[in-house]
Amino acid sequence: MQEKNYTMKEAMLFSQRVAQLSKALWKSVEKDWQQWIKPYDLNINEHHILWIAYHLNGASISDVAKFGVMHVSTAFNFSKKLEERKLLQFSKKEDDKRNTYIQITDEGEKILLALMETYDPGKNAAFTGALPLRELYGKFPDMIEMMAVIRNIYGEDFMEIFERSFSNIDNEFSVENGRLSKKKAPKEAEPV
């Protein structure tokens, strides 16, 4: 049996700190997220599904559930609502009839991009709460330790998708007039 290098008191205090801090942070994040997406008649699960569909460019419902940290039935039901609004499209693959796949539609992408363009950091409590630390230290708080905890809970696949979505934003978007917008695709040269 492996020897414990922590006390029960340390374990309980750590677990409760994480629980209390997570609950407090989530309450704030949830409120800000709902306010941000409200003009587009989306709820948090729907927005998260559009985000995943956009960044995975064709995800199975199982992938959506896994990366959206939701039950498969929740992922399916909210995806179905988005399909009814023509924001997502369902499909099956020829070589995989058991899984249902989703693809973001042009209309879904328009809404997602509009949301990114209307993001206002001043209306985000987590951002404004971290801003004094950025001003003091010249950078936002590192998430490396929290990401390590999440990696140990959800696995490497989860973190790979997590990082891919942020890398996509970094590579595919620019800031124009203080707003995020998708970079224009370069026009192809016309044949001579």
# chains A, B, ... in the order shown; residues from 1 in each chain; ligands from 1
>>> residues_around(residues="segment 59-65 of chain A", least_positions_apart="5", cutoff="12 Å", atoms="only C-alpha atoms", output="ChimeraX atom specification")
/A:45-54,70-80,88-93,96-104,157-158,161
>>> residues_around(residues="segment 146-152 of chain A", least_positions_apart="5", cutoff="12 Å", atoms="only C-alpha atoms", output="MDAnalysis selection string")
chainID A and resid 15 18 22 67 69 141 157:163
>>> residues_around(residues="Phe140 of chain A", least_positions_apart="4", cutoff="7 Å", atoms="only C-alpha atoms", output="short mmCIF file (atom, residue, chain, number, x, y, z; two decimals) with N, CA, C and O atoms, in the first residue's frame")
data_model
loop_
_atom_site.label_atom_id
_atom_site.label_comp_id
_atom_site.auth_asym_id
_atom_site.auth_seq_id
_atom_site.Cartn_x
_atom_site.Cartn_y
_atom_site.Cartn_z
N ALA A 130 -9.07 39.89 -11.96
CA ALA A 130 -7.66 39.54 -12.19
C ALA A 130 -6.85 40.75 -12.67
O ALA A 130 -5.62 40.72 -12.60
N LEU A 133 -3.98 42.18 -10.59
CA LEU A 133 -2.80 41.32 -10.58
C LEU A 133 -1.98 41.54 -11.85
O LEU A 133 -0.75 41.55 -11.81
N ARG A 134 -2.66 41.72 -12.97
CA ARG A 134 -1.95 41.99 -14.22
C ARG A 134 -1.22 43.33 -14.14
O ARG A 134 -0.09 43.46 -14.59
#
>>> closest_residue(among="A:Tyr40, A:Tyr154, A:Phe14, A:Phe127", to="Ser28 of chain A", atoms="only C-alpha atoms")
A:Phe127
>>> atom_distance(atom1="atom CA of Tyr119 of chain A", atom2="atom CA of Lys38 of chain A")
12.1 Å
>>> residues_around(residues="Ser174 of chain A", least_positions_apart="5", cutoff="12 Å", atoms="only C-alpha atoms", output="ChimeraX atom specification")
/A:113,116-117,168-169,179-184
>>> atom_distance(atom1="atom CA of Asp106 of chain A", atom2="atom CA of Lys86 of chain A")
8.9 Å
>>> atom_distance(atom1="atom CA of Gly58 of chain A", atom2="atom CA of Lys110 of chain A")
16.6 Å
>>> select_by_dssp(residues="segment 38-157 of chain A", states="strand (DSSP E or B)", output="compact mmCIF listing (two decimals) with all heavy atoms, in the first residue's frame")
# COMPACT_ATOMS: atom_id res chain seq x y z
N ALA A 59 -17.76 17.44 -34.64
CA ALA A 59 -17.57 16.69 -33.39
C ALA A 59 -18.71 15.70 -33.21
O ALA A 59 -19.84 15.97 -33.61
CB ALA A 59 -17.53 17.65 -32.21
N SER A 60 -18.42 14.58 -32.59
CA SER A 60 -19.49 13.65 -32.23
C SER A 60 -20.19 14.20 -30.98
O SER A 60 -19.60 15.00 -30.24
CB SER A 60 -18.93 12.26 -31.95
OG SER A 60 -18.19 12.25 -30.75
N LEU A 88 -26.75 24.44 -36.08
CA LEU A 88 -25.96 23.21 -36.18
C LEU A 88 -26.61 22.30 -37.19
O LEU A 88 -27.81 22.39 -37.44
CB LEU A 88 -25.94 22.45 -34.84
CG LEU A 88 -25.08 22.91 -33.71
CD1 LEU A 88 -25.21 21.94 -32.53
CD2 LEU A 88 -23.63 23.04 -34.09
N GLN A 89 -25.80 21.38 -37.70
CA GLN A 89 -26.29 20.38 -38.64
C GLN A 89 -25.85 19.02 -38.12
O GLN A 89 -24.70 18.85 -37.71
CB GLN A 89 -25.68 20.67 -40.01
CG GLN A 89 -26.17 19.81 -41.11
CD GLN A 89 -25.54 20.26 -42.43
OE1 GLN A 89 -24.97 21.35 -42.53
NE2 GLN A 89 -25.63 19.43 -43.43
N PHE A 90 -26.77 18.05 -38.10
CA PHE A 90 -26.46 16.70 -37.66
C PHE A 90 -26.07 15.85 -38.86
O PHE A 90 -26.57 16.07 -39.96
CB PHE A 90 -27.69 16.05 -37.01
CG PHE A 90 -27.89 16.42 -35.57
CD1 PHE A 90 -28.13 17.72 -35.18
CD2 PHE A 90 -27.86 15.44 -34.58
CE1 PHE A 90 -28.33 18.05 -33.85
CE2 PHE A 90 -28.06 15.76 -33.25
CZ PHE A 90 -28.30 17.07 -32.89
N SER A 91 -25.22 14.86 -38.62
CA SER A 91 -24.87 13.93 -39.69
C SER A 91 -24.37 12.62 -39.10
O SER A 91 -24.09 12.52 -37.90
CB SER A 91 -23.80 14.54 -40.60
OG SER A 91 -22.59 14.70 -39.88
N LYS A 92 -24.27 11.63 -39.97
CA LYS A 92 -23.67 10.34 -39.65
C LYS A 92 -22.53 10.14 -40.63
O LYS A 92 -22.57 10.63 -41.75
CB LYS A 92 -24.68 9.19 -39.80
CG LYS A 92 -25.87 9.25 -38.88
CD LYS A 92 -25.54 8.64 -37.56
CE LYS A 92 -26.81 8.54 -36.70
NZ LYS A 92 -26.50 8.02 -35.39
N LYS A 93 -21.52 9.43 -40.21
CA LYS A 93 -20.42 9.12 -41.12
C LYS A 93 -20.66 7.75 -41.73
O LYS A 93 -21.20 6.86 -41.08
CB LYS A 93 -19.08 9.16 -40.37
CG LYS A 93 -18.67 10.55 -39.97
CD LYS A 93 -17.27 10.59 -39.42
CE LYS A 93 -16.89 12.04 -39.09
NZ LYS A 93 -15.58 12.13 -38.48
N ASP A 96 -19.21 5.12 -39.66
CA ASP A 96 -19.54 5.17 -38.23
C ASP A 96 -21.00 5.57 -38.08
O ASP A 96 -21.32 6.72 -37.80
CB ASP A 96 -18.63 6.18 -37.53
CG ASP A 96 -18.85 6.23 -36.03
OD1 ASP A 96 -19.60 5.39 -35.50
OD2 ASP A 96 -18.26 7.12 -35.38
N LYS A 97 -21.89 4.62 -38.25
CA LYS A 97 -23.33 4.90 -38.18
C LYS A 97 -23.84 4.99 -36.74
O LYS A 97 -24.95 5.46 -36.51
CB LYS A 97 -24.12 3.80 -38.93
CG LYS A 97 -23.83 3.74 -40.41
CD LYS A 97 -24.43 4.93 -41.10
CE LYS A 97 -24.26 4.79 -42.60
NZ LYS A 97 -24.54 6.03 -43.29
N ARG A 98 -23.03 4.56 -35.77
CA ARG A 98 -23.50 4.58 -34.38
C ARG A 98 -23.46 5.97 -33.78
O ARG A 98 -24.27 6.31 -32.93
CB ARG A 98 -22.64 3.65 -33.51
CG ARG A 98 -22.80 2.19 -33.85
CD ARG A 98 -21.96 1.32 -32.98
NE ARG A 98 -20.84 2.06 -32.40
CZ ARG A 98 -19.99 1.57 -31.54
NH1 ARG A 98 -20.11 0.35 -31.13
NH2 ARG A 98 -19.01 2.31 -31.06
N ASN A 99 -22.49 6.78 -34.18
CA ASN A 99 -22.34 8.11 -33.58
C ASN A 99 -23.00 9.18 -34.43
O ASN A 99 -23.02 9.11 -35.65
CB ASN A 99 -20.85 8.46 -33.42
CG ASN A 99 -20.22 7.70 -32.29
OD1 ASN A 99 -20.75 7.64 -31.18
ND2 ASN A 99 -19.07 7.09 -32.54
N THR A 100 -23.54 10.17 -33.73
CA THR A 100 -24.11 11.35 -34.39
C THR A 100 -23.08 12.45 -34.30
O THR A 100 -22.49 12.69 -33.24
CB THR A 100 -25.41 11.78 -33.68
OG1 THR A 100 -26.33 10.68 -33.73
CG2 THR A 100 -26.03 12.99 -34.34
N TYR A 101 -22.88 13.14 -35.41
CA TYR A 101 -21.90 14.23 -35.48
C TYR A 101 -22.61 15.55 -35.71
O TYR A 101 -23.70 15.59 -36.30
CB TYR A 101 -20.90 13.98 -36.62
CG TYR A 101 -19.99 12.82 -36.32
CD1 TYR A 101 -20.38 11.51 -36.57
CD2 TYR A 101 -18.74 13.03 -35.74
CE1 TYR A 101 -19.54 10.44 -36.27
CE2 TYR A 101 -17.90 11.97 -35.44
CZ TYR A 101 -18.32 10.67 -35.70
OH TYR A 101 -17.50 9.63 -35.39
N ILE A 102 -22.00 16.61 -35.22
CA ILE A 102 -22.55 17.94 -35.45
C ILE A 102 -21.53 18.79 -36.17
O ILE A 102 -20.33 18.59 -36.02
CB ILE A 102 -22.98 18.64 -34.14
CG1 ILE A 102 -21.79 18.81 -33.19
CG2 ILE A 102 -24.13 17.91 -33.47
CD1 ILE A 102 -22.04 19.75 -32.03
N GLN A 103 -22.03 19.70 -36.94
CA GLN A 103 -21.20 20.66 -37.67
C GLN A 103 -21.87 22.02 -37.50
O GLN A 103 -23.10 22.13 -37.65
CB GLN A 103 -21.13 20.28 -39.15
CG GLN A 103 -20.23 21.14 -39.98
CD GLN A 103 -18.76 20.81 -39.78
OE1 GLN A 103 -18.38 19.65 -39.64
NE2 GLN A 103 -17.93 21.83 -39.75
N ILE A 104 -21.11 23.03 -37.19
CA ILE A 104 -21.68 24.37 -37.07
C ILE A 104 -22.06 24.86 -38.47
O ILE A 104 -21.35 24.61 -39.43
CB ILE A 104 -20.71 25.34 -36.35
CG1 ILE A 104 -21.44 26.61 -35.91
CG2 ILE A 104 -19.49 25.62 -37.19
CD1 ILE A 104 -20.66 27.45 -34.92
>>> select_by_dssp(residues="chain A", states="alpha helix (DSSP H)", output="PyMOL selection string")
chain A and resi 8-37+44-56+61-68+72-84+106-118+125-137+144-154+156-172
